[in-house]
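S.K.: Got a structure for you, input_21.txt, holding compact mmCIF, C-alpha atoms and all ligand atoms.
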```txt
# COMPACT_ATOMS: atom_id res chain seq x y z
CA MET A 1 7.59 -31.56 -22.21
CA GLU A 2 5.44 -29.67 -24.58
CA ASN A 3 2.57 -29.00 -22.19
CA ILE A 4 4.66 -27.26 -19.52
CA MET A 5 5.94 -24.79 -22.07
CA PRO A 6 4.45 -21.31 -21.63
CA PRO A 7 1.64 -20.74 -24.10
CA THR A 8 2.78 -19.10 -27.22
CA SER A 9 -0.32 -18.10 -29.12
CA ARG A 10 -2.98 -15.67 -27.89
CA ARG A 11 -5.53 -18.38 -28.44
CA GLN A 12 -3.76 -20.78 -26.10
CA GLN A 13 -3.41 -18.05 -23.54
CA LYS A 14 -7.13 -17.34 -23.69
CA ILE A 15 -7.96 -21.00 -23.21
CA LEU A 16 -5.73 -21.20 -20.16
CA GLU A 17 -7.29 -18.05 -18.70
CA ARG A 18 -10.74 -19.47 -19.22
CA GLN A 19 -9.84 -22.72 -17.52
CA LYS A 20 -8.46 -20.80 -14.56
CA GLN A 21 -11.64 -18.74 -14.33
CA GLU A 22 -13.80 -21.86 -14.45
CA ALA A 23 -11.82 -23.40 -11.60
CA THR A 24 -12.31 -20.25 -9.52
CA ASN A 25 -16.05 -20.28 -10.31
CA ARG A 26 -16.30 -23.87 -9.17
CA LYS A 27 -14.55 -23.03 -5.93
CA GLN A 28 -16.86 -20.10 -5.27
CA LYS A 29 -19.86 -22.26 -5.97
CA THR A 30 -18.89 -24.85 -3.38
CA SER A 31 -17.97 -22.24 -0.81
CA SER A 32 -21.28 -20.40 -1.34
CA TYR A 33 -22.95 -23.74 -0.73
CA VAL A 34 -21.38 -23.71 2.71
CA ASN A 35 -22.02 -20.00 3.26
CA GLN A 36 -25.50 -20.04 1.78
CA ALA A 37 -28.15 -17.71 3.16
CA PRO A 38 -29.61 -19.00 6.44
CA PHE A 39 -33.09 -19.30 4.94
CA ARG A 40 -31.79 -21.56 2.16
CA TYR A 41 -29.76 -23.53 4.63
CA ALA A 42 -32.89 -24.24 6.69
CA GLU A 43 -34.82 -25.19 3.54
CA ARG A 44 -32.10 -27.64 2.61
CA ASN A 45 -32.10 -29.15 6.07
CA PHE A 46 -35.81 -29.94 5.99
CA LYS A 47 -35.81 -31.11 2.39
CA SER A 48 -33.02 -33.57 3.05
CA ARG A 49 -33.89 -37.29 3.21
CA VAL A 50 -30.38 -38.59 3.72
CA PRO A 51 -29.27 -37.54 6.25
CA PRO A 52 -32.70 -36.87 7.83
CA PRO A 53 -33.48 -33.28 8.89
CA ASP A 54 -32.31 -31.84 12.16
CA TYR A 55 -35.56 -31.12 14.06
CA SER A 56 -33.88 -29.76 17.18
CA LYS A 57 -34.93 -26.13 16.61
CA VAL A 58 -38.54 -26.84 15.63
CA VAL A 59 -41.24 -24.99 17.57
CA ASP A 60 -44.12 -27.42 18.10
CA LEU A 61 -46.99 -25.95 20.08
CA HIS A 62 -48.42 -29.44 20.61
CA HIS A 63 -45.50 -29.79 22.99
CA TYR A 64 -45.57 -26.25 24.28
CA ASP A 65 -42.87 -25.57 26.82
CA SER A 66 -43.61 -22.50 28.92
CA LYS A 67 -39.88 -22.21 29.62
CA ASP A 68 -39.01 -21.86 25.91
CA PRO A 69 -37.80 -18.25 25.72
CA ARG A 70 -38.73 -18.04 22.03
CA ILE A 71 -42.49 -18.35 22.62
CA VAL A 72 -44.97 -15.96 24.25
CA LYS A 73 -48.42 -17.24 25.18
CA ILE A 74 -51.22 -14.70 25.49
CA SER A 75 -54.99 -14.83 25.78
CA LEU A 76 -56.94 -13.32 22.91
CA PRO A 77 -58.32 -9.84 23.62
CA ASN A 78 -61.59 -10.58 21.80
CA LYS A 79 -63.55 -13.82 21.70
CA LEU A 80 -62.95 -16.06 18.72
CA VAL A 81 -66.45 -16.93 17.58
CA SER A 82 -67.60 -18.91 14.57
CA PRO A 83 -69.98 -21.81 14.03
CA PHE A 84 -66.92 -23.74 12.81
CA PHE A 85 -64.93 -23.29 16.02
CA ARG A 86 -65.21 -25.00 19.38
CA GLU A 87 -66.74 -22.72 22.01
CA GLN A 88 -64.01 -21.87 24.46
CA ASP A 89 -61.50 -19.19 25.41
CA TYR A 90 -58.48 -19.34 23.16
CA SER A 91 -54.84 -18.53 23.61
CA ALA A 92 -52.55 -17.25 20.92
CA TYR A 93 -48.82 -17.72 20.58
CA LEU A 94 -46.27 -15.16 19.44
CA LEU A 95 -42.60 -15.62 18.63
CA ASN A 96 -40.08 -13.22 20.13
CA ASP A 97 -38.00 -13.32 16.97
CA ILE A 98 -40.85 -12.77 14.51
CA PRO A 99 -42.78 -9.57 15.27
CA GLY A 100 -46.28 -9.68 13.80
CA LEU A 101 -46.76 -13.45 13.67
CA ILE A 102 -49.73 -14.83 15.61
CA ILE A 103 -50.52 -18.53 15.93
CA ILE A 104 -53.84 -19.97 17.04
CA GLN A 105 -53.85 -23.70 17.71
CA ASN A 106 -56.60 -25.56 15.92
CA PRO A 107 -59.90 -23.97 16.99
CA PHE A 108 -61.98 -26.03 14.52
CA THR A 109 -64.42 -28.75 15.40
CA ASP A 110 -63.44 -32.03 13.74
CA LYS A 111 -66.58 -31.84 11.65
CA ALA A 112 -65.78 -28.32 10.44
CA GLN A 113 -62.33 -29.48 9.31
CA ARG A 114 -63.90 -32.25 7.27
CA HIS A 115 -66.34 -29.71 5.86
CA PHE A 116 -63.62 -27.33 4.67
CA ILE A 117 -61.51 -30.15 3.24
CA ARG A 118 -64.53 -31.24 1.17
CA GLU A 119 -65.07 -27.69 0.03
CA CYS A 120 -61.41 -27.26 -0.96
CA LEU A 121 -61.40 -30.46 -2.98
CA LYS A 122 -64.84 -30.52 -4.50
CA VAL A 123 -66.23 -27.00 -4.61
CA TYR A 124 -63.53 -24.30 -4.51
CA SER A 125 -61.65 -26.05 -7.30
CA GLN A 126 -64.54 -25.64 -9.75
CA ALA A 127 -64.74 -23.07 -12.51
CA PRO A 128 -64.69 -20.12 -12.69
CA ASN A 129 -61.89 -20.44 -10.11
CA THR A 130 -58.60 -21.28 -11.77
CA SER A 131 -56.31 -24.19 -10.94
CA ASN A 132 -52.84 -25.13 -12.15
CA LEU A 133 -54.44 -27.94 -14.18
CA ASP A 134 -56.38 -25.50 -16.36
CA THR A 135 -53.31 -24.67 -18.43
CA HIS A 136 -53.03 -28.17 -19.81
CA TYR A 137 -56.36 -29.89 -19.29
CA THR A 138 -59.99 -29.20 -20.07
CA ILE A 139 -61.53 -29.89 -16.70
CA PRO A 140 -65.24 -30.77 -16.91
CA THR A 141 -67.47 -27.99 -15.52
CA GLU A 142 -68.75 -30.26 -12.74
CA GLY A 143 -65.21 -30.20 -11.41
CA LEU A 144 -62.52 -32.84 -11.21
CA TRP A 145 -63.57 -34.21 -7.82
CA ASN A 146 -67.04 -35.03 -9.12
CA PHE A 147 -65.42 -36.97 -11.93
CA TYR A 148 -63.19 -38.74 -9.48
CA GLU A 149 -66.29 -39.80 -7.50
CA GLN A 150 -67.92 -41.08 -10.68
CA GLU A 151 -64.80 -43.01 -11.62
CA ASN A 152 -64.68 -44.48 -8.13
CA ARG A 153 -68.29 -45.65 -8.41
CA GLY A 154 -67.48 -47.22 -11.78
CA ASP A 155 -69.72 -44.74 -13.60
CA LEU A 156 -67.06 -43.57 -16.07
CA GLY A 157 -65.69 -45.68 -18.89
CA HIS A 158 -62.91 -47.72 -17.30
CA ASP A 159 -60.23 -46.01 -19.38
CA TYR A 160 -61.67 -42.49 -19.20
CA CYS A 161 -59.01 -39.78 -19.13
CA VAL A 162 -59.42 -36.04 -18.67
CA PRO A 163 -58.94 -34.39 -22.09
CA ARG A 164 -55.87 -32.29 -22.76
CA LYS A 165 -56.28 -28.73 -23.85
CA GLN A 166 -56.09 -28.29 -27.60
CA VAL A 167 -52.93 -26.56 -28.77
CA ASN A 168 -54.13 -24.29 -31.54
CA ASN A 169 -52.09 -22.22 -33.94
CA SER A 170 -52.51 -18.86 -32.27
CA THR A 171 -51.35 -20.22 -28.92
CA LYS A 172 -48.56 -22.14 -30.60
CA ASN A 173 -47.06 -18.87 -31.80
CA GLY A 174 -46.99 -17.68 -28.21
CA TYR A 175 -49.72 -15.17 -28.97
CA ASP A 176 -53.00 -15.54 -27.23
CA SER A 177 -55.39 -12.93 -28.58
CA SER A 178 -57.69 -13.27 -25.57
CA SER A 179 -55.13 -12.04 -23.08
CA SER A 180 -54.93 -8.29 -23.10
CA GLU A 181 -52.98 -7.22 -20.05
CA SER A 182 -50.24 -9.80 -20.16
CA ASP A 183 -48.55 -9.12 -23.48
CA GLU A 184 -45.06 -9.30 -22.07
CA LYS A 185 -45.52 -12.45 -20.09
CA PRO A 186 -48.41 -14.46 -21.48
CA ASP A 187 -50.01 -17.27 -19.55
CA PRO A 188 -48.08 -20.52 -19.93
CA LEU A 189 -49.05 -22.40 -23.05
CA PRO A 190 -50.61 -25.84 -23.05
CA VAL A 191 -48.23 -28.56 -24.11
CA GLU A 192 -49.18 -31.76 -25.88
CA THR A 193 -46.76 -33.82 -23.83
CA VAL A 194 -48.57 -33.75 -20.48
CA PRO A 195 -49.81 -37.26 -19.70
CA LEU A 196 -53.43 -38.24 -20.28
CA LEU A 197 -54.68 -39.32 -16.86
CA PRO A 198 -57.86 -40.58 -15.25
CA PRO A 199 -59.43 -38.30 -12.59
CA SER A 200 -58.12 -40.57 -9.81
CA GLN A 201 -54.56 -39.68 -10.82
CA LEU A 202 -55.01 -36.14 -12.06
CA ILE A 203 -56.57 -35.11 -8.74
CA TYR A 204 -53.17 -35.67 -7.11
CA LYS A 205 -51.61 -33.20 -9.55
CA MET A 206 -53.78 -30.32 -8.47
CA ARG A 207 -51.39 -27.89 -6.75
CA TRP A 208 -53.34 -24.68 -6.37
CA VAL A 209 -56.67 -23.00 -6.91
CA THR A 210 -57.24 -19.25 -6.74
CA LEU A 211 -60.27 -17.68 -5.07
CA GLY A 212 -61.57 -14.13 -5.39
CA TYR A 213 -59.31 -11.93 -7.48
CA GLN A 214 -57.60 -14.34 -9.82
CA TYR A 215 -53.84 -14.29 -9.60
CA HIS A 216 -51.59 -14.04 -12.62
CA TRP A 217 -48.58 -16.12 -11.60
CA PRO A 218 -46.16 -15.11 -14.40
CA THR A 219 -46.32 -11.43 -13.45
CA LYS A 220 -47.24 -11.98 -9.78
CA THR A 221 -50.15 -9.58 -10.01
CA TYR A 222 -53.88 -9.86 -9.55
CA HIS A 223 -56.25 -9.69 -12.48
CA PHE A 224 -58.16 -6.76 -11.07
CA ASP A 225 -60.86 -7.27 -13.67
CA ARG A 226 -61.26 -10.97 -12.97
CA ARG A 227 -62.87 -11.28 -9.61
CA TYR A 228 -65.10 -14.04 -8.35
CA ASP A 229 -66.73 -14.29 -4.96
CA VAL A 230 -64.70 -15.63 -2.09
CA PRO A 231 -66.96 -18.22 -0.43
CA GLN A 232 -68.95 -16.45 2.27
CA GLU A 233 -68.14 -18.93 4.98
CA VAL A 234 -64.41 -18.46 4.32
CA ASP A 235 -64.84 -14.70 4.68
CA GLY A 236 -66.80 -15.30 7.90
CA LEU A 237 -63.94 -17.39 9.23
CA THR A 238 -61.19 -14.89 8.44
CA ARG A 239 -63.17 -11.98 9.83
CA ALA A 240 -63.74 -13.86 13.08
CA VAL A 241 -59.99 -14.45 13.29
CA VAL A 242 -58.98 -10.89 12.41
CA THR A 243 -61.47 -9.57 14.98
CA ALA A 244 -60.16 -11.84 17.71
CA ILE A 245 -56.57 -10.63 17.28
CA GLU A 246 -57.32 -6.89 17.39
CA GLY A 247 -54.77 -5.21 19.61
CA VAL A 248 -52.48 -8.22 19.99
CA GLY A 249 -48.87 -7.19 20.30
CA HIS A 250 -45.65 -7.69 22.14
CA ASN A 251 -42.27 -5.97 22.52
CA GLY A 252 -42.87 -2.92 20.36
CA TRP A 253 -45.30 -4.17 17.75
CA LYS A 254 -49.06 -4.12 17.92
CA ASN A 255 -51.71 -5.25 15.47
CA THR A 256 -54.09 -2.34 15.05
CA TYR A 257 -56.07 -3.68 12.07
CA ARG A 258 -59.79 -3.71 12.78
CA GLY A 259 -61.85 -6.81 12.10
CA SER A 260 -64.64 -4.61 10.74
CA ASP A 261 -62.22 -3.29 8.07
CA TYR A 262 -61.29 -6.75 6.85
CA ARG A 263 -62.56 -8.16 3.56
CA THR A 264 -61.39 -11.50 2.23
CA GLU A 265 -60.79 -10.55 -1.38
CA ALA A 266 -58.41 -13.21 -2.63
CA GLY A 267 -57.18 -16.59 -1.64
CA VAL A 268 -54.99 -19.46 -2.70
CA VAL A 269 -55.78 -23.04 -1.86
CA ASN A 270 -52.50 -24.97 -1.85
CA TYR A 271 -52.63 -28.75 -2.17
CA TYR A 272 -49.48 -30.59 -1.10
CA GLN A 273 -48.56 -34.21 -1.57
CA TYR A 274 -45.77 -35.67 0.58
CA ARG A 275 -42.89 -34.55 -1.61
CA ASP A 276 -44.27 -31.14 -2.49
CA THR A 277 -42.68 -28.02 -1.08
CA LEU A 278 -43.24 -24.28 -1.29
CA MET A 279 -40.07 -22.27 -1.80
CA GLY A 280 -39.31 -19.31 0.45
CA HIS A 281 -41.07 -16.18 -0.76
CA VAL A 282 -42.79 -12.94 0.28
CA ASP A 283 -46.39 -12.24 -0.75
CA ARG A 284 -46.16 -8.65 -1.90
CA SER A 285 -48.80 -8.39 -4.62
CA GLU A 286 -51.56 -7.05 -2.41
CA LEU A 287 -52.10 -3.29 -2.54
CA ASN A 288 -53.08 -3.48 1.11
CA MET A 289 -50.02 -4.74 2.93
CA GLN A 290 -51.37 -3.59 6.31
CA ALA A 291 -54.18 -6.14 6.42
CA PRO A 292 -53.34 -9.44 8.11
CA LEU A 293 -52.91 -12.56 5.99
CA VAL A 294 -54.72 -15.59 7.40
CA SER A 295 -53.36 -19.05 6.66
CA ILE A 296 -55.10 -22.30 7.66
CA SER A 297 -53.67 -25.84 7.59
CA TYR A 298 -55.57 -29.10 7.12
CA GLY A 299 -54.33 -32.68 6.96
CA ASN A 300 -50.78 -33.85 7.53
CA ASP A 301 -48.39 -31.72 9.57
CA CYS A 302 -45.76 -29.57 7.90
CA ILE A 303 -42.68 -27.57 8.70
CA TYR A 304 -43.32 -23.91 8.06
CA LEU A 305 -40.30 -21.62 7.95
CA ILE A 306 -40.78 -18.00 8.90
CA GLY A 307 -37.84 -15.62 8.66
CA GLY A 308 -37.09 -11.95 8.10
CA THR A 309 -37.32 -9.48 5.22
CA THR A 310 -34.29 -11.06 3.50
CA ARG A 311 -33.00 -14.62 3.28
CA GLU A 312 -30.13 -13.59 5.53
CA THR A 313 -32.25 -13.96 8.67
CA GLU A 314 -32.33 -17.44 10.13
CA PRO A 315 -35.97 -18.58 10.02
CA VAL A 316 -37.90 -20.18 12.87
CA PRO A 317 -39.15 -23.65 11.88
CA LEU A 318 -42.72 -24.17 13.10
CA ARG A 319 -44.51 -27.49 13.07
CA LEU A 320 -48.09 -26.83 11.95
CA HIS A 321 -50.88 -29.31 12.67
CA SER A 322 -54.29 -29.77 11.10
CA GLY A 323 -56.59 -26.87 11.96
CA ASP A 324 -53.81 -24.51 13.05
CA ILE A 325 -54.20 -20.90 11.96
CA ILE A 326 -51.31 -18.51 11.52
CA ILE A 327 -51.84 -14.83 11.00
CA MET A 328 -49.18 -12.63 9.46
CA THR A 329 -49.87 -9.11 10.68
CA GLU A 330 -48.11 -5.98 9.46
CA PRO A 331 -44.41 -6.36 10.24
CA CYS A 332 -44.54 -10.04 9.39
CA ARG A 333 -46.33 -9.53 6.06
CA ARG A 334 -42.94 -8.71 4.52
CA CYS A 335 -41.14 -11.76 5.84
CA PHE A 336 -39.82 -14.71 3.88
CA HIS A 337 -41.68 -17.93 4.54
CA GLY A 338 -42.09 -21.33 2.93
CA VAL A 339 -42.98 -24.97 3.44
CA PRO A 340 -39.97 -27.27 2.92
CA LEU A 341 -41.55 -30.44 4.32
CA ILE A 342 -44.84 -32.28 4.71
CA ILE A 343 -44.45 -34.74 7.57
CA GLU A 344 -45.65 -38.21 6.60
CA ASN A 345 -48.22 -40.25 8.51
CA THR A 346 -49.44 -37.39 10.68
CA LEU A 347 -53.09 -37.32 9.60
CA PRO A 348 -55.27 -36.98 12.71
CA SER A 349 -57.69 -39.85 13.33
CA TYR A 350 -60.75 -37.60 12.87
CA LEU A 351 -59.72 -37.27 9.21
CA SER A 352 -58.93 -40.95 8.71
CA PRO A 353 -60.55 -42.76 5.76
CA ASP A 354 -60.98 -45.89 7.88
CA LYS A 355 -63.81 -44.41 9.90
CA ASN A 356 -66.83 -42.80 8.36
CA HIS A 357 -67.34 -40.32 11.21
CA GLY A 358 -71.07 -40.60 10.55
CA GLU A 359 -70.50 -39.16 7.07
CA ASP A 360 -70.97 -41.64 4.24
CA ASP A 361 -68.88 -39.78 1.67
CA TRP A 362 -65.80 -39.28 3.84
CA GLU A 363 -63.81 -42.33 2.74
CA LEU A 364 -62.64 -40.87 -0.57
CA TYR A 365 -61.69 -37.55 1.02
CA GLY A 366 -59.91 -39.34 3.85
CA ARG A 367 -58.00 -41.42 1.35
CA TYR A 368 -56.85 -38.30 -0.47
CA MET A 369 -55.90 -36.61 2.79
CA SER A 370 -53.82 -39.60 3.95
CA THR A 371 -50.95 -38.32 1.80
CA SER A 372 -51.84 -34.63 1.65
CA ARG A 373 -51.86 -31.26 3.30
CA ILE A 374 -54.17 -28.41 2.27
CA ASN A 375 -53.51 -24.75 3.01
CA LEU A 376 -56.12 -22.01 2.73
CA ASN A 377 -54.24 -18.73 2.32
CA LEU A 378 -56.47 -15.66 2.54
CA ARG A 379 -55.76 -12.02 1.80
CA GLN A 380 -57.32 -8.61 1.57
CA VAL A 381 -56.10 -7.00 -1.65
CA TYR A 382 -57.33 -3.42 -1.48
CA PRO A 383 -57.11 -0.79 1.22
CA LEU A 384 -60.62 -0.28 2.57
CA ASN A 385 -61.05 3.28 1.22
CA ALA A 386 -60.28 2.03 -2.28
CA ASP A 387 -63.79 0.48 -2.35
CA GLN A 388 -65.31 3.82 -3.24
CA GLU A 389 -62.81 4.54 -6.02
CA LYS A 390 -63.40 1.11 -7.53
CA GLU A 391 -67.13 1.74 -7.68
CA GLU A 392 -66.63 5.10 -9.33
CA ASN A 393 -64.48 3.61 -12.08
C1 LIG B 1 -48.78 -19.09 0.21
C2 LIG B 1 -48.17 -19.70 1.40
C3 LIG B 1 -48.05 -21.44 3.06
C4 LIG B 1 -48.61 -22.77 3.44
O1 LIG B 1 -49.71 -19.70 -0.37
O2 LIG B 1 -48.38 -17.97 -0.16
O3 LIG B 1 -47.26 -19.12 1.91
O4 LIG B 1 -48.72 -23.00 4.65
N1 LIG B 1 -48.61 -20.89 1.88
O5 LIG B 1 -48.90 -23.61 2.58
MN MN B 2 -47.00 -17.07 1.16
```
Reformat the file's structure so that it appears as structure tokens.
M.R.:
Amino acid sequence: MENIMPPTSRRQQKILERQKQEATNRKQKTSSYVNQAPFRYAERNFKSRVPPPDYSKVVDLHHYDSKDPRIVKISLPNKLVSPFFREQDYSAYLLNDIPGLIIIQNPFTDKAQRHFIRECLKVYSQAPNTSNLDTHYTIPTEGLWNFYEQENRGDLGHDYCVPRKQVNNSTKNGYDSSSSESDEKPDPLPVETVPLLPPSQLIYKMRWVTLGYQYHWPTKTYHFDRRYDVPQEVDGLTRAVVTAIEGVGHNGWKNTYRGSDYRTEAGVVNYYQYRDTLMGHVDRSELNMQAPLVSISYGNDCIYLIGGTTRETEPVPLRLHSGDIIIMTEPCRRCFHGVPLIIENTLPSYLSPDKNHGEDDWELYGRYMSTSRINLNLRQVYPLNADQEKEEN
């Protein structure tokens, strides 16, 4: 009887109002789950294990269907030439719904793919380049992969673990006197709770390495005063690609960027294990947003979502295979994209650890790649005419 009486005190009334509000919030939450932005909806679809994803809309150029109205096949205006590519005439693929996106199906020789995978794992990850592990661990200067090889040969103490970074008092207070430009958002602090791991396990926790201008993730800006060389052969590769796609266009867009104006100034190497994903985002930190962004896949296949300038556009899901190159030219540079799924057991046989491919050291790399995908993501940061200004400063 008592609880159907109208509330008497202001306090009771407030409580009832709050409960009502919470119920409304809950309702809105579930309905926004149904009406979520199309990009998020697609991400959820491909992240789902039970039920399994709906693959019906996936564009897979390995099964190219010339009748698919979404895809346009063209021949490249300029030859695609590099010592790492097979010598042949290449086609490129464009998507009617995504102006500016250009896809080149794996032009690499098998050997060149193995070469770049080695470089990504063993060489590009070494200091002074930064990796996600540097926050918490003191990686030996020879690089983590070298230590992994030593462990594998039995040359390290059998319980050797990579040391954790010391947490000292100045960093504990959230104040790192060595960081000048990032006062508002300092680099993440090392924590004592990360697990101590041997190289053979820590290597699987490497998620990214930055090349060239080092990227400051908390503020999403480049450290313009912290620049290392982008490996020359990577720059050679991207320039060959940017040159080959000069003048490519379709239905009102045209890539006019000149290969001779392209400089590979920054890069991210992304390392994915099976369950890793990359959330939808736009790369907008580069001062030169006109220059194409070149993105190369190695290892297991993935689903790559490419949408519009907001999450309200339904993205096209692309299945990318080892060696595939996608180029985001001007209009597409501002589009949301992400990787919601690495597709298991899709490592091509030329990367398999079970064969040595005439290369004695491949087994360990092949073993790593059996559960991995690597992405080389390459960007020009500055407009070309900024070169002069930089030198004058
Ligand atoms: C990125 C990116 C996509 C990929 O590093 O910004 O979008 O294919 N990577 O891993
Ligand atoms: Mn990106």
S.K.: Using all atoms listed in the file, which of A:Ser349, A:Ser82, A:Asn45, A:Thr210 sits nearest ligand LIG 1 (chain B)?
M.R.: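 Smallest distance to ligand LIG 1 (chain B) is found for A:Thr210.
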S.K.: Chain A near ligand LIG 1 (chain B) within 7 Å: what's each residue's closest atom pair and its distance in Å to one decimal, counting all atoms listed in the file, ordered by chain then ascending residue number, as CSV?
M.R.:
```
residue,atom,partner,partner_atom,distance
A:Val268,CA,B:LIG1,O1,5.8
A:Asn270,CA,B:LIG1,O5,5.9
A:Leu278,CA,B:LIG1,O5,6.9
A:Asp283,CA,B:LIG1,O2,6.1
A:Ser295,CA,B:LIG1,O4,6.4
A:Ser297,CA,B:LIG1,O4,6.4
A:Tyr304,CA,B:LIG1,O4,6.5
A:His337,CA,B:LIG1,O3,6.3
A:Gly338,CA,B:LIG1,O3,5.7
A:Val339,CA,B:LIG1,C4,6.0
A:Asn375,CA,B:LIG1,O5,4.8
A:Asn377,CA,B:LIG1,O1,5.4
```
S.K.: Using all atoms listed in the file, pick whichever of A:Gln214, A:Gln126, A:Thr264, A:Thr313 has the shortest atom-to-atom distance to Arg40 of chain A.
M.R.: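 Closest residue, counting all atoms listed in the file: A:Thr313.
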S.K.: Do you know which residues are at most 6 Å from Leu293 of chain A counting only C-alpha atoms, after dropping those on the same chain fewer than 6 positions away, and could you put them as a PyMOL selection string?
M.R.: chain A and resi 327-328+378-379
S.K.: Mind pulling up the distance from atom CA of Thr329 of chain A to atom CA of Val294 of chain A?
M.R.: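 Going from atom CA of Val294 of chain A over to atom CA of Thr329 of chain A covers 8.7 Å.
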S.K.: Counting all atoms listed in the file, what is within 8 Å of Val230 of chain A, bar same-chain residues fewer than 6 positions away, as an MDAnalysis selection string?
M.R.: chainID A and resid 211:212 264:267
S.K.: Please give the centre and size of the box around segment 288-307 of chain A (axis-aligned, containing every atom listed in the file, 8 Å added per side), with values in Å to one decimal and written as lines of an AutoDock Vina configuration file.
M.R.:
```
center_x = -46.7
center_y = -18.7
center_z = 5.3
size_x = 33.7
size_y = 46.4
size_z = 24.5
```
S.K.: Which residue is closest to ligand MN 2 (chain B)? Choose from A:Ile296, A:Val123, A:Asp354, A:His321 and count all atoms listed in the file.
M.R.: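 Using all atoms listed in the file, ligand MN 2 (chain B) sits closest to A:Ile296.
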S.K.: Which is closer to Asn345 of chain A than all the others in A:Val209, A:Met369, A:Ala127, A:Leu144, using all atoms listed in the file?
M.R.: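 Of A:Val209, A:Met369, A:Ala127, A:Leu144, the one nearest Asn345 of chain A, counting all atoms listed in the file, is A:Met369.
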S.K.: So the first atom is atom CA of Lys205 of chain A and the second is atom CA of Ser131 of chain A; what is the distance between them in Å, to one decimal place?
M.R.: 10.3 Å
S.K.: Please compute the atom CA of Ala291 of chain A-atom CA of Tyr271 of chain A distance, one decimal, in Å.
M.R.: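 Separating atom CA of Ala291 of chain A from atom CA of Tyr271 of chain A is a distance of 24.2 Å.
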S.K.: Which protein, DNA or RNA residues are at most 7 Å from (-63.7, -35.9, 3.0) in the file's coordinates when you count only C-alpha atoms, listed as number ranges by chain?
M.R.: A: 114, 117-118, 361-366
S.K.: Using all atoms listed in the file for the distances, tell me which of A:Val162, A:Cys120, A:Val50, A:Ile245 is nearest to Ile325 of chain A.
M.R.: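 Under the stated criterion, the closest residue is A:Ile245.
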S.K.: Looking at A:Val59, A:Val194, A:Leu305, A:Val316, which one is nearest to ligand MN 2 (chain B), with distances taken over all atoms listed in the file?
M.R.: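 That would be A:Leu305, the residue with the smallest distance to ligand MN 2 (chain B).
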S.K.: Is there a way to get, as a list of chain:residue names, all residues within 10 Å of the point (-41.4, -24.5, 10.8) in file coordinates, counting all atoms listed in the file?
M.R.: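 The requested residues, written out, are A:Ala42, A:Glu43, A:Phe46, A:Tyr55, A:Lys57, A:Val58, A:Val59, A:Asp60, A:Cys302, A:Ile303, A:Tyr304, A:Leu305, A:Ile306, A:Gly307, A:Pro315, A:Val316, A:Pro317, A:Leu318, A:Arg319, A:Leu320, A:His337, A:Gly338, A:Val339, A:Pro340, A:Leu341.
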S.K.: Could you add the missing atoms to segment 44-52 of chain A, up to N, CA, C and O atoms, and return them as a PDB file, keeping the file's coordinate frame?
M.R.:
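So the final result, stored in selection-v9.pdb, reads:
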```pdb
ATOM      1  N   ARG A  44     -32.843 -26.437   2.960  1.00  0.00           N
ATOM      2  CA  ARG A  44     -32.100 -27.640   2.610  1.00  0.00           C
ATOM      3  C   ARG A  44     -32.173 -28.687   3.707  1.00  0.00           C
ATOM      4  O   ARG A  44     -32.307 -29.878   3.448  1.00  0.00           O
ATOM      5  N   ASN A  45     -32.049 -28.215   4.939  1.00  0.00           N
ATOM      6  CA  ASN A  45     -32.100 -29.150   6.070  1.00  0.00           C
ATOM      7  C   ASN A  45     -33.406 -29.939   6.056  1.00  0.00           C
ATOM      8  O   ASN A  45     -33.400 -31.163   6.154  1.00  0.00           O
ATOM      9  N   PHE A  46     -34.540 -29.230   5.898  1.00  0.00           N
ATOM     10  CA  PHE A  46     -35.810 -29.940   5.990  1.00  0.00           C
ATOM     11  C   PHE A  46     -36.189 -30.697   4.728  1.00  0.00           C
ATOM     12  O   PHE A  46     -37.033 -31.587   4.763  1.00  0.00           O
ATOM     13  N   LYS A  47     -35.542 -30.354   3.611  1.00  0.00           N
ATOM     14  CA  LYS A  47     -35.810 -31.110   2.390  1.00  0.00           C
ATOM     15  C   LYS A  47     -34.984 -32.389   2.330  1.00  0.00           C
ATOM     16  O   LYS A  47     -35.284 -33.290   1.539  1.00  0.00           O
ATOM     17  N   SER A  48     -33.961 -32.447   3.144  1.00  0.00           N
ATOM     18  CA  SER A  48     -33.020 -33.570   3.050  1.00  0.00           C
ATOM     19  C   SER A  48     -33.663 -34.875   3.534  1.00  0.00           C
ATOM     20  O   SER A  48     -34.380 -34.910   4.524  1.00  0.00           O
ATOM     21  N   ARG A  49     -33.412 -35.955   2.783  1.00  0.00           N
ATOM     22  CA  ARG A  49     -33.890 -37.290   3.210  1.00  0.00           C
ATOM     23  C   ARG A  49     -32.743 -38.059   3.842  1.00  0.00           C
ATOM     24  O   ARG A  49     -32.923 -38.741   4.840  1.00  0.00           O
ATOM     25  N   VAL A  50     -31.574 -37.973   3.164  1.00  0.00           N
ATOM     26  CA  VAL A  50     -30.380 -38.590   3.720  1.00  0.00           C
ATOM     27  C   VAL A  50     -29.279 -37.539   3.768  1.00  0.00           C
ATOM     28  O   VAL A  50     -28.878 -37.059   2.708  1.00  0.00           O
ATOM     29  N   PRO A  51     -28.793 -37.134   4.931  1.00  0.00           N
ATOM     30  CA  PRO A  51     -29.270 -37.540   6.250  1.00  0.00           C
ATOM     31  C   PRO A  51     -30.634 -36.915   6.552  1.00  0.00           C
ATOM     32  O   PRO A  51     -30.982 -35.909   5.932  1.00  0.00           O
ATOM     33  N   PRO A  52     -31.389 -37.451   7.493  1.00  0.00           N
ATOM     34  CA  PRO A  52     -32.700 -36.870   7.830  1.00  0.00           C
ATOM     35  C   PRO A  52     -32.529 -35.486   8.448  1.00  0.00           C
ATOM     36  O   PRO A  52     -31.455 -35.166   8.964  1.00  0.00           O
TER      37      PRO A  52
END
```
